[in-house]
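Dropping query.pdb in here (PDB, C-alpha atoms):
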```pdb
MODEL        1
ATOM      1  CA  ARG A   1      44.847  99.441 -27.539
ATOM      2  CA  GLN A   2      45.785  97.258 -24.586
ATOM      3  CA  LEU A   3      48.464  95.555 -26.679
ATOM      4  CA  SER A   4      49.691  98.961 -27.829
ATOM      5  CA  ALA A   5      50.145 100.085 -24.221
ATOM      6  CA  ARG A   6      52.102  96.918 -23.417
ATOM      7  CA  PHE A   7      54.452  97.472 -26.351
ATOM      8  CA  LEU A   8      55.018 101.066 -25.212
ATOM      9  CA  GLN A   9      55.762  99.915 -21.669
ATOM     10  CA  GLU A  10      58.282  97.403 -23.014
ATOM     11  CA  ALA A  11      59.928 100.171 -25.045
ATOM     12  CA  LYS A  12      60.382 102.219 -21.871
ATOM     13  CA  VAL A  13      61.808  99.206 -20.018
ATOM     14  CA  GLU A  14      64.321  98.796 -22.850
ATOM     15  CA  LEU A  15      65.446 102.379 -22.238
ATOM     16  CA  VAL A  16      65.928 101.614 -18.538
ATOM     17  CA  CYS A  17      68.172  98.696 -19.548
ATOM     18  CA  VAL A  18      70.151 101.005 -21.815
ATOM     19  CA  ARG A  19      70.825 103.544 -19.063
ATOM     20  CA  ARG A  20      72.104 100.815 -16.758
ATOM     21  CA  LEU A  21      74.269  99.222 -19.444
ATOM     22  CA  LEU A  22      75.952 102.568 -20.122
ATOM     23  CA  LYS A  23      77.082 102.935 -16.512
ATOM     24  CA  GLU A  24      79.916 101.206 -14.716
ATOM     25  CA  CYS A  25      78.593  99.222 -11.768
ATOM     26  CA  ASP A  26      80.429  97.482  -8.907
ATOM     27  CA  GLY A  27      83.710  97.657 -10.727
ATOM     28  CA  LEU A  28      82.265  96.248 -13.944
ATOM     29  CA  ARG A  29      82.602  98.221 -17.142
ATOM     30  CA  SER A  30      79.708  99.536 -19.209
ATOM     31  CA  VAL A  31      78.475  97.485 -22.169
ATOM     32  CA  PRO A  32      77.748  99.884 -25.058
ATOM     33  CA  PRO A  33      77.110  97.182 -27.710
ATOM     34  CA  ARG A  34      74.251  95.704 -25.684
ATOM     35  CA  ALA A  35      72.982  99.215 -25.007
ATOM     36  CA  VAL A  36      72.821  99.867 -28.745
ATOM     37  CA  PHE A  37      70.914  96.617 -29.257
ATOM     38  CA  HIS A  38      68.348  97.511 -26.592
ATOM     39  CA  CYS A  39      67.915 100.926 -28.223
ATOM     40  CA  GLN A  40      67.042  99.165 -31.464
ATOM     41  CA  GLN A  41      64.511  97.103 -29.523
ATOM     42  CA  ALA A  42      63.031 100.231 -27.933
ATOM     43  CA  VAL A  43      62.496 101.766 -31.372
ATOM     44  CA  GLU A  44      60.924  98.563 -32.659
ATOM     45  CA  MET A  45      58.583  98.309 -29.647
ATOM     46  CA  GLY A  46      57.657 101.976 -29.939
ATOM     47  CA  LEU A  47      56.839 101.607 -33.627
ATOM     48  CA  ASN A  48      54.622  98.574 -32.943
ATOM     49  CA  SER A  49      52.844 100.502 -30.194
ATOM     50  CA  ALA A  50      52.125 103.481 -32.448
ATOM     51  CA  MET A  51      50.894 101.303 -35.315
ATOM     52  CA  LEU A  52      48.681  99.152 -33.091
ATOM     53  CA  ARG A  53      47.084 102.276 -31.628
ATOM     54  CA  THR A  54      46.481 103.961 -34.990
ATOM     55  CA  CYS A  55      46.696 102.220 -38.373
ATOM     56  CA  GLY A  56      47.016  98.627 -37.134
ATOM     57  CA  VAL A  57      49.541  95.952 -38.078
ATOM     58  CA  SER A  58      49.382  92.732 -40.051
ATOM     59  CA  GLU A  59      50.584  89.378 -38.758
ATOM     60  CA  ASP A  60      53.825  89.469 -40.753
ATOM     61  CA  GLU A  61      54.632  92.903 -39.300
ATOM     62  CA  VAL A  62      54.870  91.605 -35.724
ATOM     63  CA  ALA A  63      56.463  88.188 -36.313
ATOM     64  CA  GLY A  64      59.426  86.826 -38.223
ATOM     65  CA  GLY A  65      62.339  88.633 -39.791
ATOM     66  CA  ALA A  66      60.154  91.298 -41.438
ATOM     67  CA  ALA A  67      59.158  92.570 -37.986
ATOM     68  CA  HIS A  68      62.714  93.862 -37.470
ATOM     69  CA  ASP A  69      62.953  95.758 -40.765
ATOM     70  CA  LEU A  70      62.747  99.286 -39.369
ATOM     71  CA  ILE A  71      63.905 100.816 -42.644
ATOM     72  CA  ASP A  72      60.987  99.325 -44.551
ATOM     73  CA  PHE A  73      58.390 100.263 -41.918
ATOM     74  CA  ILE A  74      59.479 103.867 -41.554
ATOM     75  CA  LYS A  75      59.932 104.349 -45.302
ATOM     76  CA  ARG A  76      56.389 103.060 -45.906
ATOM     77  CA  ILE A  77      54.993 105.389 -43.246
ATOM     78  CA  ARG A  78      56.761 108.369 -44.819
ATOM     79  CA  THR A  79      55.500 107.553 -48.323
ATOM     80  CA  ALA A  80      52.003 106.295 -47.462
ATOM     81  CA  GLU A  81      48.905 108.062 -48.688
ATOM     82  CA  THR A  82      47.618 110.517 -46.059
ATOM     83  CA  ASN A  83      44.033 111.608 -45.400
ATOM     84  CA  THR A  84      44.398 114.095 -42.531
ATOM     85  CA  ALA A  85      46.719 116.840 -41.342
ATOM     86  CA  GLU A  86      47.606 114.708 -38.295
ATOM     87  CA  GLN A  87      48.725 111.868 -40.557
ATOM     88  CA  ARG A  88      50.973 114.266 -42.451
ATOM     89  CA  ARG A  89      52.486 115.464 -39.154
ATOM     90  CA  ALA A  90      52.942 111.852 -38.034
ATOM     91  CA  GLN A  91      55.063 111.176 -41.122
ATOM     92  CA  GLN A  92      57.774 113.407 -39.635
ATOM     93  CA  VAL A  93      59.466 110.450 -37.940
ATOM     94  CA  PRO A  94      62.357 111.740 -35.736
ATOM     95  CA  LEU A  95      64.952 109.449 -37.328
ATOM     96  CA  THR A  96      66.962 109.954 -40.487
ATOM     97  CA  GLU A  97      67.450 107.115 -42.954
ATOM     98  CA  GLU A  98      71.070 106.896 -41.817
ATOM     99  CA  ASP A  99      69.968 106.549 -38.175
ATOM    100  CA  VAL A 100      67.425 103.861 -39.014
ATOM    101  CA  ASP A 101      69.943 101.912 -41.086
ATOM    102  CA  TRP A 102      72.516 102.097 -38.278
ATOM    103  CA  LEU A 103      70.035 100.793 -35.688
ATOM    104  CA  LYS A 104      68.822  98.057 -38.019
ATOM    105  CA  ARG A 105      72.345  96.743 -38.574
ATOM    106  CA  ALA A 106      72.977  96.866 -34.820
ATOM    107  CA  TYR A 107      70.214  94.309 -34.274
ATOM    108  CA  LEU A 108      72.684  91.567 -35.279
ATOM    109  CA  ALA A 109      76.059  93.309 -35.483
ATOM    110  CA  SER A 110      76.072  94.192 -31.781
ATOM    111  CA  ARG A 111      75.670  90.544 -30.728
ATOM    112  CA  TYR A 112      76.625  87.963 -33.358
ATOM    113  CA  PRO A 113      80.061  87.330 -34.906
ATOM    114  CA  LYS A 114      79.739  86.999 -38.651
ATOM    115  CA  PRO A 115      82.087  85.630 -41.334
ATOM    116  CA  GLY A 116      83.722  88.523 -43.123
ATOM    117  CA  ARG A 117      82.907  91.038 -40.386
ATOM    118  CA  TRP A 118      86.053  92.042 -38.547
ATOM    119  CA  GLY A 119      86.145  92.154 -34.761
ATOM    120  CA  VAL A 120      84.162  90.937 -31.788
ATOM    121  CA  PRO A 121      80.603  92.330 -31.541
ATOM    122  CA  ALA A 122      81.152  93.305 -27.903
ATOM    123  CA  LEU A 123      83.942  95.650 -29.058
ATOM    124  CA  LEU A 124      82.358  97.139 -32.175
ATOM    125  CA  TYR A 125      80.410  99.856 -30.348
ATOM    126  CA  ASP A 126      81.834 102.334 -27.834
ATOM    127  CA  GLN A 127      80.354 104.657 -25.225
ATOM    128  CA  ALA A 128      79.691 107.381 -27.799
ATOM    129  CA  ASP A 129      77.703 104.909 -29.916
ATOM    130  CA  GLY A 130      75.653 103.951 -26.883
ATOM    131  CA  GLU A 131      74.893 107.590 -26.069
ATOM    132  CA  ARG A 132      73.925 108.248 -29.681
ATOM    133  CA  ALA A 133      71.612 105.240 -29.749
ATOM    134  CA  LEU A 134      69.990 106.324 -26.479
ATOM    135  CA  ARG A 135      69.236 109.811 -27.827
ATOM    136  CA  LEU A 136      67.681 108.325 -30.967
ATOM    137  CA  ALA A 137      65.602 105.789 -29.039
ATOM    138  CA  GLU A 138      64.349 108.305 -26.455
ATOM    139  CA  GLY A 139      63.234 110.702 -29.185
ATOM    140  CA  PHE A 140      61.504 107.944 -31.121
ATOM    141  CA  VAL A 141      59.655 106.488 -28.121
ATOM    142  CA  GLU A 142      58.460 109.988 -27.228
ATOM    143  CA  TRP A 143      57.152 110.390 -30.802
ATOM    144  CA  ALA A 144      55.485 106.957 -30.693
ATOM    145  CA  GLU A 145      53.664 107.824 -27.466
ATOM    146  CA  ARG A 146      52.498 111.200 -28.754
ATOM    147  CA  VAL A 147      51.425 110.322 -32.312
ATOM    148  CA  GLU A 148      47.645 110.195 -32.754
ATOM    149  CA  ASP A 149      47.078 108.980 -36.301
ATOM    150  CA  LEU A 150      49.485 107.165 -38.591
ATOM    151  CA  PRO A 151      48.760 106.644 -42.294
ATOM    152  CA  ASP A 152      48.376 103.051 -43.416
ATOM    153  CA  PRO A 153      51.918 101.877 -44.272
ATOM    154  CA  GLY A 154      50.535  99.160 -46.573
ATOM    155  CA  LYS A 155      50.468  99.364 -50.333
ATOM    156  CA  LYS A 156      49.295 102.642 -51.745
ATOM    157  CA  ARG A 157      45.595 102.635 -52.280
ATOM    158  CA  ARG A 158      44.218 102.920 -55.765
ATOM    159  CA  SER A 159      41.973 105.858 -56.465
ATOM    160  CA  TRP A 160      38.254 105.270 -56.649
ATOM    161  CA  ASN A 161      38.213 106.477 -60.248
ATOM    162  CA  GLN A 162      40.226 103.403 -61.184
ATOM    163  CA  PHE A 163      37.207 101.269 -60.451
ATOM    164  CA  GLN A 164      34.209 101.151 -62.801
ATOM    165  CA  GLU A 165      30.879  99.500 -62.303
ATOM    166  CA  SER A 166      30.403  96.411 -64.374
ATOM    167  CA  LYS A 167      27.626  96.766 -66.867
ATOM    168  CA  THR A 168      25.102  94.060 -67.501
ATOM    169  CA  ILE A 169      25.062  92.992 -71.130
ATOM    170  CA  GLU A 170      21.519  92.746 -72.254
ATOM    171  CA  THR A 171      20.305  91.016 -75.379
ATOM    172  CA  PRO A 172      17.476  93.025 -76.899
ATOM    173  CA  LEU A 173      14.380  90.945 -77.402
ATOM    174  CA  PRO A 174      12.162  91.586 -80.413
ATOM    175  CA  GLN A 175       8.542  92.461 -79.977
ATOM    176  CA  SER A 176       6.943  89.107 -80.707
ATOM    177  CA  THR A 177       4.764  86.343 -79.368
ATOM    178  CA  PRO A 178       6.025  84.090 -76.520
ATOM    179  CA  SER A 179       6.724  81.209 -78.887
ATOM    180  CA  GLU A 180       8.722  83.438 -81.226
ATOM    181  CA  THR A 181      10.671  84.839 -78.230
ATOM    182  CA  PHE A 182      11.516  81.303 -77.097
ATOM    183  CA  GLN A 183      12.765  80.447 -80.581
ATOM    184  CA  PHE A 184      14.866  83.656 -80.634
ATOM    185  CA  LEU A 185      16.540  82.793 -77.306
ATOM    186  CA  GLN A 186      17.291  79.285 -78.513
ATOM    187  CA  GLN A 187      19.001  80.733 -81.562
ATOM    188  CA  ALA A 188      20.996  83.228 -79.435
ATOM    189  CA  ALA A 189      22.191  80.549 -77.029
ATOM    190  CA  PRO A 190      25.455  78.770 -77.867
ATOM    191  CA  ALA A 191      24.875  75.482 -79.578
ATOM    192  CA  ALA A 192      25.399  72.401 -77.414
ATOM    193  CA  PRO A 193      28.199  70.068 -78.506
ATOM    194  CA  ALA A 194      26.992  67.342 -80.830
ATOM    195  CA  VAL A 195      26.609  63.916 -79.202
ATOM    196  CA  PRO A 196      27.778  61.048 -81.446
ATOM    197  CA  ARG A 197      24.970  58.671 -82.352
ATOM    198  CA  LEU A 198      25.209  54.995 -81.574
ATOM    199  CA  VAL A 199      25.196  53.130 -84.874
ATOM    200  CA  LEU A 200      24.384  49.436 -84.524
ATOM    201  CA  PRO A 201      26.340  47.044 -86.798
ATOM    202  CA  PRO A 202      24.436  45.137 -89.489
ATOM    203  CA  PRO A 203      22.953  41.779 -88.451
ATOM    204  CA  GLY A 204      25.470  38.950 -88.575
ATOM    205  CA  LYS A 205      28.509  41.331 -88.399
ATOM    206  CA  VAL A 206      28.873  41.318 -84.596
ATOM    207  CA  GLY A 207      32.250  39.935 -83.482
TER     208      GLY A 207
ENDMDL
END
```
As structure tokens - that is how I would like this structure written.
Amino acid sequence: RQLSARFLQEAKVELVCVRRLLKECDGLRSVPPRAVFHCQQAVEMGLNSAMLRTCGVSEDEVAGGAAHDLIDFIKRIRTAETNTAEQRRAQQVPLTEEDVDWLKRAYLASRYPKPGRWGVPALLYDQADGERALRLAEGFVEWAERVEDLPDPGKKRRSWNQFQESKTIETPLPQSTPSETFQFLQQAAPAAPAVPRLVLPPPGKVG
């Protein structure tokens, strides 16, 4: 829970950065592309906070490229198996698939030039884009702070009726004396592989 609170605090700091980047300051223009990027980061931090506080996260969900795949995370939350009414309410994530896809692409598109992508990243997003991203991020961080119980976004669990107890195979023993029982078990056991006998050559044939 301590780590969850730190992620949430970082998400709120990202929103502070966004508000400053969307304002002109000391004769310098606003920077909407960077604002959009920080909104994506706020959503990512908020999602990590909510998951850490409720359903937990795996190592690959907080490190590496998979940690930035908002589409996959939110889709798995929306389609995960739920056990409580609160989990079903929590699945109502305040972002549409189009919004999530737009923010995901902004993670790189707002900063890095790419072969085949026209234009300079710093000019691809305008003030309206920055305002849109801020509204989305603020709503999501508010949801992340309020949510109480998220369903496990991992693979769907199999139902208990798919599992069956293994049954012990018992060999019925006949009613007999101990020596007869021993002979019966020897017959039931798989035969050991035959060991080749050592046959000595006739005298005078060695070499």
Legend entry - Residue among A:Gln87, A:Ser110, A:Thr82, A:Ser49 lying closest to Pro33 (chain A), counting only C-alpha atoms: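 Residue with the minimum atom-to-atom distance to Pro33 (chain A): A:Ser110.
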Legend entry - Residues matched by the PyMOL selection byres ((chain A and resi 150) around 6), written as a PyMOL selection string: chain A and resi 54-55+87+90+149+151
Since I can't run it myself right now, could you work out what the PyMOL selection byres ((chain A and resi 122) around 12) selects here and report it as a PDB file with C-alpha atoms, keeping the file's coordinate frame?
```
ATOM      1  CA  ARG A  29      82.602  98.221 -17.142  1.00  0.00           C
ATOM      2  CA  SER A  30      79.708  99.536 -19.209  1.00  0.00           C
ATOM      3  CA  VAL A  31      78.475  97.485 -22.169  1.00  0.00           C
ATOM      4  CA  PRO A  32      77.748  99.884 -25.058  1.00  0.00           C
ATOM      5  CA  PRO A  33      77.110  97.182 -27.710  1.00  0.00           C
ATOM      6  CA  ARG A  34      74.251  95.704 -25.684  1.00  0.00           C
ATOM      7  CA  ALA A  35      72.982  99.215 -25.007  1.00  0.00           C
ATOM      8  CA  VAL A  36      72.821  99.867 -28.745  1.00  0.00           C
ATOM      9  CA  PHE A  37      70.914  96.617 -29.257  1.00  0.00           C
ATOM     10  CA  ALA A 106      72.977  96.866 -34.820  1.00  0.00           C
ATOM     11  CA  LEU A 108      72.684  91.567 -35.279  1.00  0.00           C
ATOM     12  CA  ALA A 109      76.059  93.309 -35.483  1.00  0.00           C
ATOM     13  CA  SER A 110      76.072  94.192 -31.781  1.00  0.00           C
ATOM     14  CA  ARG A 111      75.670  90.544 -30.728  1.00  0.00           C
ATOM     15  CA  TYR A 112      76.625  87.963 -33.358  1.00  0.00           C
ATOM     16  CA  PRO A 113      80.061  87.330 -34.906  1.00  0.00           C
ATOM     17  CA  TRP A 118      86.053  92.042 -38.547  1.00  0.00           C
ATOM     18  CA  GLY A 119      86.145  92.154 -34.761  1.00  0.00           C
ATOM     19  CA  VAL A 120      84.162  90.937 -31.788  1.00  0.00           C
ATOM     20  CA  PRO A 121      80.603  92.330 -31.541  1.00  0.00           C
ATOM     21  CA  LEU A 123      83.942  95.650 -29.058  1.00  0.00           C
ATOM     22  CA  LEU A 124      82.358  97.139 -32.175  1.00  0.00           C
ATOM     23  CA  TYR A 125      80.410  99.856 -30.348  1.00  0.00           C
ATOM     24  CA  ASP A 126      81.834 102.334 -27.834  1.00  0.00           C
ATOM     25  CA  GLN A 127      80.354 104.657 -25.225  1.00  0.00           C
TER      26      GLN A 127
END
```
Legend entry - Picked residues, the PyMOL selection byres ((chain A and resi 89) around 12), expected as a VMD selection string: chain A and resid 77 to 78 82 to 88 90 to 94 143 146 to 151
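Straight-line separation from CA of Ala11 (chain A) to CA of Met45 (chain A): 5.1 Å.
Among the candidates A:Leu134, A:Ala144, A:Leu3, A:Leu52, the one nearest to Val18 (chain A) when counting all atoms listed in the file is A:Leu134.
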